[in-house]
file target17.cif (mmCIF, C-alpha atoms)
data_start
loop_
_atom_site.label_atom_id
_atom_site.label_comp_id
_atom_site.auth_asym_id
_atom_site.auth_seq_id
_atom_site.Cartn_x
_atom_site.Cartn_y
_atom_site.Cartn_z
CA MET A 30 5.82 11.24 33.60
CA LEU A 31 5.76 9.99 30.09
CA SER A 32 8.97 8.40 28.98
CA THR A 33 9.81 7.97 25.33
CA ALA A 34 13.36 6.81 25.96
CA PRO A 35 14.22 3.96 23.64
CA ASN A 36 14.51 0.49 25.04
CA SER A 37 17.57 -0.71 23.21
CA PHE A 38 16.99 -4.38 24.01
CA SER A 39 13.44 -4.45 22.68
CA GLN A 40 14.54 -2.41 19.68
CA SER A 41 17.27 -4.84 18.80
CA VAL A 42 14.81 -7.71 19.13
CA ARG A 43 12.33 -5.93 16.86
CA PHE A 44 15.15 -5.12 14.47
CA SER A 45 16.25 -8.74 14.14
CA ARG A 46 12.64 -9.92 13.83
CA LEU A 47 12.08 -7.51 10.99
CA HIS A 48 15.08 -8.78 9.09
CA ARG A 49 13.92 -12.33 9.62
CA LEU A 50 10.43 -11.41 8.50
CA SER A 51 11.53 -9.84 5.23
CA ASP A 52 13.96 -12.69 4.55
CA GLN A 53 11.52 -15.47 5.29
CA LEU A 54 8.39 -13.84 3.97
CA TYR A 55 8.76 -15.34 0.53
CA GLN A 56 11.35 -17.74 -0.76
CA ASN A 57 11.37 -16.12 -4.16
CA SER A 58 13.20 -12.80 -3.86
CA ASN A 59 11.15 -11.43 -6.75
CA HIS A 60 7.84 -12.10 -5.05
CA PHE A 61 7.80 -8.47 -3.97
CA LEU A 62 6.74 -7.63 -7.54
CA LEU A 63 3.47 -9.49 -7.00
CA GLU A 64 3.10 -7.79 -3.63
CA LEU A 65 3.47 -4.39 -5.26
CA ILE A 66 0.92 -5.32 -7.93
CA GLN A 67 -1.42 -6.61 -5.23
CA ASN A 68 -1.02 -3.39 -3.25
CA ALA A 69 -1.70 -1.39 -6.40
CA ASP A 70 -4.93 -3.32 -6.88
CA ASP A 71 -5.98 -2.58 -3.29
CA ASN A 72 -5.43 1.15 -3.77
CA HIS A 73 -8.19 3.69 -4.32
CA TYR A 74 -8.38 5.47 -7.64
CA GLU A 75 -10.00 8.51 -9.10
CA ALA A 76 -8.07 8.12 -12.36
CA GLU A 77 -10.04 6.64 -15.24
CA ILE A 78 -7.49 3.89 -15.87
CA PRO A 79 -5.78 2.61 -12.70
CA THR A 80 -2.19 2.22 -13.81
CA LEU A 81 1.08 0.91 -12.41
CA HIS A 82 4.46 1.72 -13.95
CA LEU A 83 7.48 -0.47 -13.21
CA SER A 84 10.76 1.03 -14.41
CA TYR A 85 14.16 -0.57 -13.97
CA ALA A 86 17.38 1.37 -14.59
CA HIS A 87 20.89 1.30 -13.15
CA ASN A 88 20.27 -0.99 -10.19
CA HIS A 89 17.14 0.89 -9.19
CA LEU A 90 13.50 -0.04 -9.58
CA ARG A 91 10.92 2.70 -9.67
CA ILE A 92 7.22 2.06 -9.12
CA ASP A 93 4.58 4.68 -9.91
CA CYS A 94 0.85 4.30 -9.36
CA ASN A 95 -1.88 6.82 -10.17
CA GLU A 96 -3.84 6.07 -7.00
CA VAL A 97 -5.30 8.78 -4.76
CA GLY A 98 -2.31 8.65 -2.40
CA PHE A 99 -1.44 7.76 1.17
CA SER A 100 -3.69 8.92 3.99
CA PRO A 101 -2.19 9.36 7.48
CA LYS A 102 -3.68 5.96 8.37
CA ASP A 103 -1.93 4.37 5.38
CA ILE A 104 1.34 5.92 6.55
CA ASP A 105 0.77 4.53 10.05
CA ALA A 106 0.10 1.09 8.57
CA ILE A 107 3.18 1.01 6.32
CA CYS A 108 5.29 1.96 9.36
CA ARG A 109 4.03 -1.01 11.36
CA ILE A 110 3.88 -4.76 11.07
CA GLY A 111 0.68 -6.74 10.92
CA GLN A 112 -1.60 -3.73 11.25
CA SER A 113 -3.00 -3.53 7.78
CA THR A 114 -5.77 -1.04 7.03
CA LYS A 115 -7.31 -3.74 4.85
CA THR A 116 -8.66 -6.08 7.52
CA GLY A 117 -12.15 -6.26 9.00
CA ALA A 118 -15.64 -7.14 7.89
CA GLY A 119 -16.12 -7.05 4.14
CA ALA A 120 -12.40 -6.71 3.55
CA SER A 121 -12.24 -9.98 1.63
CA THR A 122 -14.39 -8.55 -1.12
CA ARG A 123 -12.57 -5.23 -1.24
CA TYR A 124 -8.92 -6.06 -0.75
CA VAL A 125 -6.43 -8.69 -1.81
CA GLY A 126 -3.90 -7.97 0.92
CA GLU A 127 -4.68 -8.32 4.58
CA LYS A 128 -1.62 -9.11 6.65
CA GLY A 129 0.13 -5.76 6.71
CA ILE A 130 3.46 -7.38 5.99
CA GLY A 131 3.51 -7.62 2.20
CA PHE A 132 5.25 -4.33 1.56
CA LYS A 133 8.14 -5.43 3.79
CA SER A 134 9.00 -8.03 1.13
CA VAL A 135 10.61 -5.22 -0.91
CA PHE A 136 13.50 -5.42 1.53
CA LYS A 137 14.27 -8.85 0.18
CA ALA A 138 15.57 -6.97 -2.86
CA ALA A 139 16.24 -3.42 -1.72
CA ASP A 140 18.33 -1.72 0.94
CA VAL A 141 16.63 1.64 0.70
CA VAL A 142 13.13 2.49 -0.49
CA TRP A 143 12.02 6.09 -1.01
CA VAL A 144 8.34 6.91 -0.92
CA SER A 145 6.53 9.88 -2.40
CA SER A 146 2.78 10.18 -1.98
CA ARG A 147 0.74 13.35 -1.63
CA GLU A 148 2.76 15.54 0.75
CA TYR A 149 4.74 12.64 2.17
CA THR A 150 8.31 12.11 1.05
CA PHE A 151 10.51 9.82 3.08
CA LYS A 152 12.60 6.69 2.92
CA PHE A 153 13.02 3.38 4.68
CA ASP A 154 16.60 2.19 5.08
CA LYS A 155 16.89 -1.48 5.94
CA ASN A 156 20.27 -0.98 7.56
CA ALA A 157 19.17 1.88 9.83
CA GLN A 158 17.74 1.25 13.29
CA LEU A 159 14.20 -0.08 12.81
CA GLY A 160 14.78 1.07 9.26
CA MET A 161 12.00 -1.00 7.70
CA ILE A 162 9.29 0.63 9.81
CA ALA A 163 10.79 3.93 10.94
CA PRO A 164 10.42 6.57 8.22
CA ILE A 165 13.35 8.90 7.62
CA LEU A 166 12.54 12.32 6.22
CA ASP A 167 14.19 12.62 2.84
CA LYS A 168 13.67 14.07 -0.62
CA PHE A 169 12.56 11.74 -3.36
CA PRO A 170 15.75 10.97 -5.31
CA ALA A 171 14.14 11.23 -8.74
CA THR A 172 11.61 13.50 -10.37
CA ALA A 173 8.33 13.03 -8.53
CA ARG A 174 5.12 12.60 -10.51
CA PRO A 175 2.47 14.92 -9.04
CA GLY A 176 -0.71 13.04 -8.27
CA TRP A 177 1.03 9.66 -8.27
CA THR A 178 2.37 7.49 -5.48
CA SER A 179 5.97 6.51 -6.21
CA PHE A 180 8.51 4.14 -4.73
CA TYR A 181 12.17 4.23 -5.65
CA MET A 182 14.10 1.14 -4.67
CA GLN A 183 17.86 1.04 -4.34
CA LEU A 184 18.52 -2.64 -4.95
CA SER A 185 20.94 -4.50 -2.69
CA GLN A 186 24.44 -5.26 -3.94
CA GLU A 187 23.91 -8.98 -3.38
CA TYR A 188 20.56 -8.96 -5.15
CA ASN A 189 20.46 -10.61 -8.56
CA THR A 190 19.14 -7.81 -10.77
CA GLN A 191 19.32 -10.04 -13.83
CA GLU A 192 16.66 -12.25 -12.28
CA LEU A 193 14.50 -9.20 -11.70
CA ILE A 194 14.92 -8.11 -15.31
CA THR A 195 13.98 -11.60 -16.49
CA GLU A 196 10.94 -11.55 -14.20
CA LEU A 197 9.86 -8.11 -15.43
CA ARG A 198 10.16 -9.21 -19.05
CA ALA A 199 8.12 -12.32 -18.29
CA LEU A 200 5.17 -10.56 -16.65
CA ASP A 201 2.03 -11.80 -18.31
CA PRO A 202 -1.27 -9.92 -18.79
CA ARG A 203 -3.07 -12.88 -17.22
CA LEU A 204 -1.92 -11.68 -13.82
CA LEU A 205 -4.42 -8.85 -14.27
CA MET A 206 -7.28 -11.26 -14.91
CA PHE A 207 -8.79 -11.49 -11.42
CA LEU A 208 -7.62 -8.20 -10.03
CA ARG A 209 -10.35 -5.74 -9.08
CA ARG A 210 -9.13 -2.26 -9.84
CA LEU A 211 -5.77 -2.26 -11.59
CA ARG A 212 -6.22 -2.06 -15.36
CA ASN A 213 -2.82 -1.28 -16.78
CA ILE A 214 0.82 -2.18 -16.08
CA HIS A 215 3.58 -0.46 -18.04
CA ILE A 216 7.10 -1.84 -17.79
CA THR A 217 10.34 -0.23 -18.93
CA ILE A 218 13.83 -1.66 -18.62
CA ALA A 219 17.01 0.29 -19.33
CA GLU A 220 20.14 -1.85 -19.27
CA GLY A 221 23.47 -0.11 -19.72
CA ASP A 222 23.47 2.27 -22.65
CA SER A 223 21.28 0.08 -24.80
CA LYS A 224 17.82 1.00 -25.95
CA VAL A 225 15.00 1.02 -23.42
CA TRP A 226 12.77 -2.06 -23.59
CA GLU A 227 9.13 -1.48 -22.80
CA THR A 228 5.86 -3.33 -22.80
CA ASN A 229 2.28 -2.74 -21.79
CA LEU A 230 -0.21 -5.10 -20.12
CA SER A 231 -3.85 -4.14 -19.84
CA ARG A 232 -7.26 -5.47 -18.96
CA GLY A 233 -10.62 -4.45 -20.33
CA LYS A 234 -14.15 -5.80 -20.36
CA SER A 235 -16.72 -6.44 -23.02
CA THR A 236 -19.81 -8.62 -23.42
CA PHE A 237 -20.58 -11.45 -25.81
CA GLU A 238 -24.07 -12.88 -26.03
CA GLY A 239 -24.84 -11.21 -22.72
CA GLU A 240 -21.85 -12.71 -20.93
CA GLU A 241 -18.92 -10.80 -19.49
CA ILE A 242 -15.71 -11.18 -21.43
CA VAL A 243 -12.39 -10.10 -19.92
CA GLN A 244 -9.99 -8.87 -22.57
CA LEU A 245 -6.32 -8.89 -21.80
CA ARG A 246 -3.78 -7.19 -24.01
CA HIS A 247 -0.02 -7.61 -24.18
CA ASP A 248 1.04 -4.79 -26.49
CA ASP A 249 -0.72 -5.79 -29.72
CA VAL A 250 -1.71 -9.30 -28.67
CA SER A 251 -5.22 -9.79 -27.29
CA LEU A 252 -6.57 -12.64 -25.13
CA SER A 253 -10.23 -13.16 -24.29
CA TYR A 254 -11.73 -15.00 -21.32
CA MET A 255 -15.31 -15.63 -20.38
CA VAL A 256 -15.56 -15.22 -16.61
CA MET A 257 -18.19 -17.00 -14.54
CA GLN A 258 -18.69 -16.18 -10.88
CA TYR A 259 -20.05 -18.20 -7.99
CA LYS A 260 -20.53 -16.76 -4.51
CA VAL A 261 -19.73 -19.07 -1.60
CA GLY A 262 -21.22 -18.25 1.79
CA ARG A 263 -20.94 -19.60 5.32
CA LEU A 264 -17.28 -20.50 4.97
CA PRO A 265 -15.81 -22.50 7.85
CA LEU A 266 -14.11 -20.39 10.49
CA GLU A 267 -10.49 -19.60 9.71
CA PRO A 268 -8.72 -18.09 12.75
CA ARG A 269 -6.41 -16.02 10.58
CA ARG A 270 -9.40 -14.53 8.73
CA ASP A 271 -12.01 -14.24 11.43
CA ALA A 272 -13.95 -11.51 9.63
CA VAL A 273 -14.29 -13.51 6.42
CA SER A 274 -17.39 -15.66 5.97
CA GLU A 275 -17.90 -15.54 2.22
CA SER A 276 -15.90 -15.44 -0.96
CA ASN A 277 -16.26 -15.53 -4.73
CA ILE A 278 -15.05 -18.35 -6.93
CA LEU A 279 -14.35 -17.27 -10.47
CA LEU A 280 -13.63 -19.44 -13.47
CA ALA A 281 -12.19 -17.93 -16.62
CA PHE A 282 -12.53 -19.86 -19.86
CA PRO A 283 -10.15 -18.92 -22.66
CA LEU A 284 -11.72 -18.05 -26.00
CA ASN A 285 -10.20 -17.92 -29.44
CA GLU A 286 -10.51 -15.03 -31.86
CA ASN A 287 -13.97 -16.32 -32.91
CA GLN A 288 -15.07 -16.22 -29.27
CA GLU A 289 -15.12 -20.03 -29.18
CA PRO A 290 -13.75 -22.03 -26.22
CA LYS A 291 -10.20 -23.33 -26.57
CA LEU A 292 -8.33 -25.93 -24.56
CA ASP A 293 -5.19 -24.71 -22.77
CA PRO A 294 -3.63 -25.53 -19.40
CA GLN A 295 -4.63 -22.80 -16.96
CA HIS A 296 -3.19 -21.42 -13.76
CA VAL A 297 -4.90 -21.38 -10.40
CA TYR A 298 -5.23 -17.91 -8.89
CA ALA A 299 -5.77 -16.36 -5.51
CA PHE A 300 -6.30 -12.98 -7.17
CA LEU A 301 -2.76 -13.30 -8.51
CA PRO A 302 -1.50 -16.46 -10.21
CA ILE A 303 -0.33 -19.16 -7.79
CA ARG A 304 0.85 -21.90 -10.13
CA GLU A 305 -0.18 -24.19 -12.92
CA TYR A 306 -1.87 -27.34 -11.65
CA GLY A 307 -2.60 -28.71 -15.11
CA PHE A 308 -6.28 -27.77 -15.22
CA GLU A 309 -7.66 -27.91 -18.72
CA VAL A 310 -11.26 -26.83 -18.39
CA ARG A 311 -13.34 -26.40 -21.50
CA ALA A 312 -17.05 -25.88 -21.91
CA PRO A 313 -18.74 -27.40 -24.96
CA CYS A 314 -20.16 -24.03 -25.86
CA LEU A 315 -20.65 -20.66 -24.24
CA ARG A 316 -24.43 -21.03 -24.03
CA LEU A 317 -24.15 -24.28 -22.06
CA LEU A 318 -21.45 -22.82 -19.86
CA SER A 319 -23.65 -19.85 -19.09
CA GLY A 320 -26.55 -22.17 -18.27
CA LEU A 321 -24.45 -24.22 -15.88
CA PHE A 322 -23.61 -21.21 -13.78
CA HIS A 323 -26.90 -19.41 -13.93
CA ALA A 324 -29.08 -22.44 -13.08
CA LYS A 325 -29.35 -22.67 -9.32
CA MET B 8 -17.40 31.20 20.16
CA GLN B 9 -17.46 27.87 18.33
CA LEU B 10 -14.05 26.37 17.92
CA PRO B 11 -13.77 23.51 15.46
CA VAL B 12 -10.81 22.12 17.34
CA LEU B 13 -13.09 21.15 20.21
CA ALA B 14 -14.16 18.20 18.12
CA LEU B 15 -10.65 16.76 18.36
CA PRO B 16 -10.57 14.04 21.02
CA ALA B 17 -7.19 14.94 22.49
CA VAL B 18 -7.98 18.61 22.80
CA HIS B 19 -11.41 17.95 24.23
CA PHE B 20 -9.78 15.78 26.87
CA VAL B 21 -7.54 18.58 27.98
CA LEU B 22 -10.23 21.25 27.96
CA ARG B 23 -12.47 19.32 30.35
CA PRO B 24 -13.37 21.74 33.21
CA GLY B 25 -11.22 21.44 36.28
CA ARG B 26 -8.69 19.22 34.56
CA GLN B 27 -5.13 20.14 35.42
CA ARG B 28 -2.62 20.29 32.65
CA SER B 29 0.29 17.95 33.02
CA THR B 30 3.34 16.91 31.11
CA LEU B 31 1.43 13.89 29.97
CA ASN B 32 -1.38 16.02 28.61
CA ALA B 33 1.08 18.30 26.90
CA SER B 34 2.63 15.26 25.34
CA ILE B 35 -0.75 14.03 24.17
CA ILE B 36 -1.51 17.38 22.62
CA ALA B 37 1.89 17.54 20.99
CA ARG B 38 1.50 14.11 19.51
CA GLN B 39 -2.11 14.42 18.48
CA ILE B 40 -2.16 17.85 16.89
CA PRO B 41 -0.26 17.16 13.69
CA TYR B 42 -1.89 13.79 13.33
CA GLN B 43 -5.39 15.15 13.86
CA LEU B 44 -4.67 17.98 11.52
CA GLY B 45 -3.63 15.42 8.96
CA LEU B 46 -6.83 13.46 9.43
CA MET B 47 -8.94 16.59 9.16
CA GLU B 48 -7.34 17.83 6.01
CA ASN B 49 -6.64 14.36 4.69
CA SER B 50 -6.41 15.02 0.97
CA GLY B 51 -5.00 18.50 1.26
CA GLN B 52 -2.45 17.82 3.95
CA SER B 53 0.47 20.21 4.12
CA ARG B 54 4.04 19.09 3.74
CA GLU B 55 4.81 20.37 7.25
CA ALA B 56 2.00 18.33 8.76
CA ALA B 57 3.18 15.29 6.82
CA GLN B 58 6.71 15.75 8.14
CA GLN B 59 5.43 16.16 11.67
CA HIS B 60 3.46 12.97 11.29
CA LEU B 61 6.58 11.09 10.17
CA LEU B 62 8.60 12.53 13.06
CA GLN B 63 5.82 11.51 15.41
CA ILE B 64 6.01 7.92 14.14
CA ARG B 65 9.77 7.91 14.71
CA ALA B 66 9.32 9.32 18.20
CA GLU B 67 6.77 6.60 19.02
CA LYS B 68 9.38 4.02 18.08
CA GLY B 69 11.85 5.65 20.44
CA LEU B 70 13.83 7.25 17.64
CA GLY B 71 14.58 10.83 16.75
CA ASP B 72 15.01 13.92 18.86
CA LEU B 73 11.57 14.11 20.39
CA GLN B 74 12.37 12.60 23.78
CA GLY B 75 11.88 13.89 27.27
CA PRO B 76 10.17 17.09 28.53
CA LYS B 77 12.25 19.43 26.39
CA ALA B 78 11.30 17.55 23.31
CA ILE B 79 7.64 17.61 24.26
CA PHE B 80 7.69 21.39 24.14
CA LYS B 81 9.77 21.37 21.01
CA ASP B 82 7.19 19.07 19.51
CA LEU B 83 4.38 21.29 20.71
CA ASP B 84 6.13 24.33 19.32
CA ALA B 85 6.45 22.65 15.94
CA ALA B 86 2.81 21.63 16.05
CA LEU B 87 1.79 25.17 16.88
CA LYS B 88 3.71 26.47 13.89
CA VAL B 89 1.77 24.08 11.69
CA TYR B 90 -1.41 25.42 13.21
CA VAL B 91 -0.42 29.03 12.75
CA GLU B 92 0.37 28.47 9.12
CA HIS B 93 -2.77 26.60 8.28
CA ARG B 94 -5.62 27.33 10.61
CA SER B 95 -5.69 30.53 12.60
CA GLU B 96 -8.83 29.46 14.45
CA LEU B 97 -7.07 26.31 15.59
CA PHE B 98 -4.17 28.40 16.80
CA LEU B 99 -6.63 30.37 18.89
CA ALA B 100 -7.92 27.15 20.41
CA VAL B 101 -4.42 25.91 21.16
CA SER B 102 -3.64 29.24 22.81
CA GLN B 103 -6.54 28.61 25.12
CA ILE B 104 -5.24 25.14 25.92
CA LEU B 105 -1.95 26.66 26.94
CA THR B 106 -3.73 29.04 29.30
CA PRO B 107 -4.15 27.49 32.77
CA PRO B 108 -7.73 26.23 33.27
CA GLN B 109 -8.46 28.62 36.17
CA ALA B 110 -7.69 31.58 33.93
CA LEU B 111 -10.29 30.59 31.31
#
call {"tool": "encode", "arguments": {"input": "target17.cif", "output": "structure tokens"}}
result
Amino acid sequence: MLSTAPNSFSQSVRFSRLHRLSDQLYQNSNHFLLELIQNADDNHYEAEIPTLHLSYAHNHLRIDCNEVGFSPKDIDAICRIGQSTKTGAGASTRYVGEKGIGFKSVFKAADVVWVSSREYTFKFDKNAQLGMIAPILDKFPATARPGWTSFYMQLSQEYNTQELITELRALDPRLLMFLRRLRNIHITIAEGDSKVWETNLSRGKSTFEGEEIVQLRHDDVSLSYMVMQYKVGRLPLEPRRDAVSESNILLAFPLNENQEPKLDPQHVYAFLPIREYGFEVRAPCLRLLSGLFHAK
Amino acid sequence: MQLPVLALPAVHFVLRPGRQRSTLNASIIARQIPYQLGLMENSGQSREAAQQHLLQIRAEKGLGDLQGPKAIFKDLDAALKVYVEHRSELFLAVSQILTPPQAL
């Protein structure tokens, strides 16, 4: 006889573990923004310009992405811990995320998160039993965007929304530099009755003297980077990434408006920016730089 | 008659000749049908199938109403409705599952 009766002890243990997980996952309570951007980059797109919208208004943050939408397997994964659909052989070259826990970081900032994707509409409520992994059927509380995946976050009372607003305003187009799919991030902030603030970050590609140039735009301001790639194979075994044996190292050299190298401190990235370590790398000229990477 | 549902692992398991139906099997069918339907249709999944899938996830976590034998049949009934609405040939196959093996 199959029993599906709940085991209240194990549930309460899981419940407390989940809270601990979301609290300890990242020290910075705004790190979930990077997680959402990372997830957006791991999504699959049929749209010509993969786009993410971040909209803050009245203690709520809305996230819209024009990805293809959640499959049943994606739903299973988001309702579990540590069972990402992004692991396995070749995953390192296709996905940024891998742990299956990143999305849970939204509960560092939000009590309730509604999800709308394809035919799925439901919510996670942190304060409900197993609320971070047990979906609750519910209507999306705002106007859904057909063909988009949307999240609607009800931010916690104790959460510092001003910090979030500051973080949203400070988002830099350079965070798009090493992402693989996401091309555009649009941000809107509505505070009180004042005018809505908005900005647009985007990434494009061009070539210069046969080399790939990444062009980043922040509204009307453009930044150019020459990106060189080096593939590393036979990586030492890492137990937490047992299917990963190779990776790509990319260096991006900033260029001025004349496509000449310029000297600026640069961040170190693991797809998304980690921090500034004070690297100031400059090649004498693009032709030499190209030669250095292409000569093997 | 070729029934596309025979390709579904859970259903195939139950249709194996001589296999007796049991509560466990009924539970497997009930839990697999909406999920399998979702996988089959994938991009064009119905809202009902999506809701069933979410309820199934809750039930697997020991939450919701889908507990015990009564719930199994309630679950199966809901799954059947999804079938009826979306794939009449699948409904036919499920009808055969519900028929005792010796009567087939």
call {"tool": "atom_distance", "arguments": {"input": "target17.cif", "atom1": "atom CA of A:Leu197", "atom2": "atom CA of A:Phe132"}}
result
18.0 Å
call {"tool": "resolve_selection", "arguments": {"input": "target17.cif", "expression": "the PyMOL selection byres ((chain A and resi 169) around 9)", "output": "VMD selection string"}}
result
chain A and resid 143 to 145 150 to 152 167 to 168 170 to 173 179 to 181
call {"tool": "atom_distance", "arguments": {"input": "target17.cif", "atom1": "atom CA of A:Thr195", "atom2": "atom CA of A:Gly160"}}
result
28.7 Å
call {"tool": "residues_around", "arguments": {"input": "target17.cif", "residues": "A:Tyr85", "least_positions_apart": "6", "cutoff": "7 Å", "atoms": "only C-alpha atoms", "output": "list in words"}}
result
Arg91, Thr217, Ile218 and Ala219 of chain A
call {"tool": "resolve_selection", "arguments": {"input": "target17.cif", "expression": "the PyMOL selection byres ((chain A and resi 88) around 9)", "output": "list in words"}}
result
Tyr85, Ala86, His87, His89, Leu90, Met182, Gln183, Leu184, Ser185, Gln186 and Thr190 of chain A
call {"tool": "closest_residue", "arguments": {"input": "target17.cif", "among": "A:Phe136, A:Phe99, A:Tyr149, A:Tyr74", "to": "chain B", "atoms": "all atoms listed in the file"}}
result
A:Tyr149
call {"tool": "closest_residue", "arguments": {"input": "target17.cif", "among": "A:Cys108, A:Met255, A:Val142, A:Ile278", "to": "A:Ile162", "atoms": "all atoms listed in the file"}}
result
A:Cys108
call {"tool": "closest_residue", "arguments": {"input": "target17.cif", "among": "A:Leu264, A:Ala106, A:Cys94, A:Leu211", "to": "chain B", "atoms": "only C-alpha atoms"}}
result
A:Ala106
call {"tool": "atom_distance", "arguments": {"input": "target17.cif", "atom1": "atom CA of A:Phe237", "atom2": "atom CA of A:Leu252"}}
result
14.1 Å
call {"tool": "resolve_selection", "arguments": {"input": "target17.cif", "expression": "the PyMOL selection byres ((chain A and resi 198) around 12)", "output": "PDB file with C-alpha atoms, in the coordinates of the input"}}
result
ATOM      1  CA  LEU A  83       7.480  -0.470 -13.210  1.00  0.00           C
ATOM      2  CA  SER A  84      10.760   1.030 -14.410  1.00  0.00           C
ATOM      3  CA  TYR A  85      14.160  -0.570 -13.970  1.00  0.00           C
ATOM      4  CA  GLN A 191      19.320 -10.040 -13.830  1.00  0.00           C
ATOM      5  CA  GLU A 192      16.660 -12.250 -12.280  1.00  0.00           C
ATOM      6  CA  LEU A 193      14.500  -9.200 -11.700  1.00  0.00           C
ATOM      7  CA  ILE A 194      14.920  -8.110 -15.310  1.00  0.00           C
ATOM      8  CA  THR A 195      13.980 -11.600 -16.490  1.00  0.00           C
ATOM      9  CA  GLU A 196      10.940 -11.550 -14.200  1.00  0.00           C
ATOM     10  CA  LEU A 197       9.860  -8.110 -15.430  1.00  0.00           C
ATOM     11  CA  ALA A 199       8.120 -12.320 -18.290  1.00  0.00           C
ATOM     12  CA  LEU A 200       5.170 -10.560 -16.650  1.00  0.00           C
ATOM     13  CA  ASP A 201       2.030 -11.800 -18.310  1.00  0.00           C
ATOM     14  CA  PRO A 202      -1.270  -9.920 -18.790  1.00  0.00           C
ATOM     15  CA  HIS A 215       3.580  -0.460 -18.040  1.00  0.00           C
ATOM     16  CA  ILE A 216       7.100  -1.840 -17.790  1.00  0.00           C
ATOM     17  CA  THR A 217      10.340  -0.230 -18.930  1.00  0.00           C
ATOM     18  CA  ILE A 218      13.830  -1.660 -18.620  1.00  0.00           C
ATOM     19  CA  ALA A 219      17.010   0.290 -19.330  1.00  0.00           C
ATOM     20  CA  TRP A 226      12.770  -2.060 -23.590  1.00  0.00           C
ATOM     21  CA  GLU A 227       9.130  -1.480 -22.800  1.00  0.00           C
ATOM     22  CA  THR A 228       5.860  -3.330 -22.800  1.00  0.00           C
ATOM     23  CA  ASN A 229       2.280  -2.740 -21.790  1.00  0.00           C
ATOM     24  CA  LEU A 230      -0.210  -5.100 -20.120  1.00  0.00           C
ATOM     25  CA  HIS A 247      -0.020  -7.610 -24.180  1.00  0.00           C
TER      26      HIS A 247
END
